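Here is the structure we will look at.
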Amino acid sequence: MQTTNFFQCDKMGIGNYINSIIAGNCVSVMKNFDDNVIDLTVTSPPYDDLRNYNGYVFPFKEIAGELYRITKQGGVVVWVVADATIDATETGTSFRQALFFKDIGFNLHDTMIFRKRNPIPQIYRKRYNNEFEYMFVLSKGTVKTHNPIRVDCLHAGLELNGTTYKNYSKNEQVREKPANPVKDRKIKGNVWEYVVGKKQEDQEAKGHPAPFPCELARDHILSWTNKGDVVLDPMCGSGTTPRVACELNRQYIGIDISSGYCEMSRQRVKMIEMQPTLAIEFE
Ligand SMILES: C[S@@+](CC[C@H](N)C(=O)[O-])C[C@H]1O[C@@H](n2cnc3c(N)ncnc32)[C@H](O)[C@@H]1O
C-alpha cells in the first residue's frame, strides 16, 4: 500500500482513476498507474514560481519520469510552459525542461508556440511585450495518432509557374516542371493563436490564476487522440483538459495538488456530462 498526503491506493492500472479528478501530488498519484496506459497528456506546470499555489510542490524530474513511464508507446505529452524573467534575464527553465524530457527518452516531436491574441500588457523594460508560451510536443517513440487540423490557404488557386522551391533540410532544389496551383486547404502551422480568458467556456475557470484556453486543449486532443483514448492532466488546475476530453468523448484523468481546484474541475466536467448534445457535436 502506497501512502501520500492526500491519497491512498494499491497499484491497479488506471481502471479506478478513469473519468475522475484526484486531489494529490501528481507524482504520488501517477506512481499508482501501470506502465504504458496514457494516450495523451496535455498539461501546464507552475512556471518558475510565478504564482504561489496552495500546497505548492513541484518535483519536475520525478514528474517527467512518471510521465514517460505511463505514456503508451507512440503516445504524446504536450507541455505548455514559459519562463519568468528574473534579474533581467529569462530563466531558460522551459528549454532545460524540454531537454530533460529528451534526455530521459522522449522525442522532442515539435516545439510549438501558443500565441496570445490578447497578451497582458507589461511594464516596459527595454524588451518587447511577451505574447507567447511554448507547447513542447513530446512523444514516446514515433507518434501513433495524428489527425492534422487543416486551414484555408491564403493564395488558394494561385498559379506558381516559374517559382523555385527551397527545401532547407536537403539543400536547395529547383523545380523542373511548373508547380501546381496552390491548394484550397493545407495542414495548419505550429504557431497556434488564441484569445485568453474571454470566451464563455474559459470564463468557467475564473478563480484559477492560470488556465489555458479550452480551444488549445481541444486542438491538441483532436490532433493526438481518437475517441475513447485516455487523456491525462497531472496538474489540471481548473480542469480545462478533463473538461474538453469529456466533451470530445475521450476518457479523462485530472490531478491537482489543490483540493479546491479539483472541486472546480469536477464542476466543469459535470456541466459537460449534463449536456450530452455537446458531446455528440464532436463525434
Ligand atoms: C499552470 S496551472 C494549470 C492550469 C490548467 N492548465 C488550467 O487550464 O486550469 C498549474 C497547476 O499545477 C498545480 N500543481 C502544482 N504542483 C503540483 C503537484 N506537485 N501535483 C499536482 N498539481 C500541482 C497547481 O495547483 C496549479 O493548479
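FYI, nothing fancy with the C-alpha cells labels: chains A, B, ... in order, residues from 1 per chain, ligands from 1 as they appear.
The shell of residues at most 8 Å from Gly197 in chain A, with only C-alpha atoms counted and near chain neighbours (fewer than 2 positions) removed, consists of Val195, Lys199, Asp202, Gln203, Pro211, Phe212 and Pro213 of chain A.
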File dump, residues just selected, N, CA and C atoms, as a JSON list (two decimals), in the first residue's frame:
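That gives us result_21.json:
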```
[["chain", "number", "residue", "atom", "x", "y", "z"],
["A", 195, "VAL", "N", -7.39, 33.68, -28.13],
["A", 195, "VAL", "CA", -7.76, 34.74, -27.19],
["A", 195, "VAL", "C", -7.85, 34.08, -25.82],
["A", 199, "LYS", "N", -13.80, 33.79, -23.78],
["A", 199, "LYS", "CA", -14.97, 33.00, -24.20],
["A", 199, "LYS", "C", -15.72, 32.49, -22.97],
["A", 202, "ASP", "N", -14.21, 29.60, -21.22],
["A", 202, "ASP", "CA", -13.00, 29.90, -20.46],
["A", 202, "ASP", "C", -13.31, 30.69, -19.19],
["A", 203, "GLN", "N", -14.43, 31.42, -19.24],
["A", 203, "GLN", "CA", -14.84, 32.17, -18.05],
["A", 203, "GLN", "C", -15.20, 31.24, -16.90],
["A", 211, "PRO", "N", -5.42, 29.45, -16.14],
["A", 211, "PRO", "CA", -5.97, 28.41, -17.03],
["A", 211, "PRO", "C", -5.54, 28.63, -18.46],
["A", 212, "PHE", "N", -5.35, 27.56, -19.24],
["A", 212, "PHE", "CA", -5.17, 27.78, -20.68],
["A", 212, "PHE", "C", -6.52, 27.68, -21.37],
["A", 213, "PRO", "N", -6.64, 28.18, -22.61],
["A", 213, "PRO", "CA", -7.96, 28.20, -23.26],
["A", 213, "PRO", "C", -8.45, 26.79, -23.59]]
```
(message) Could you list, as an MDAnalysis selection string, all protein and nucleic acid residues with an atom at most 7 Å from ligand 1, counting only C-alpha atoms and all ligand atoms?
(response) chainID A and resid 24:27 43:47 53:54 56:59 205 208 210:213 234:241 255:258 261
(request) Name the closest residue to Asp103 in chain A among the candidates A:Lys61, A:Ala179, A:Trp192, A:Ala156; distances are taken between atoms, counting only C-alpha atoms. (result)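 When distances to Asp103 in chain A are compared using only C-alpha atoms, the smallest one comes from A:Lys61.
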Close residues, Tyr17 in chain A itself excluded, 10 Å, only C-alpha atoms, min 5 positions apart in chain, as a CSV table (one decimal) with C-alpha atoms, in the first residue's frame:
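Wrote it out as selection30.csv, contents follow:
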```csv
chain,number,residue,atom,x,y,z
A,12,MET,CA,-4.1,-1.2,-10.1
A,22,ILE,CA,-7.9,13.2,-7.9
A,29,VAL,CA,-0.8,9.6,-7.7
A,32,ASN,CA,-0.1,4.1,-8.8
A,33,PHE,CA,-0.6,3.8,-12.6
A,251,GLN,CA,-11.6,9.2,-21.2
A,252,TYR,CA,-10.0,11.7,-18.8
A,253,ILE,CA,-7.9,11.7,-15.6
A,254,GLY,CA,-7.2,15.0,-13.8
A,255,ILE,CA,-4.9,15.5,-10.8
```
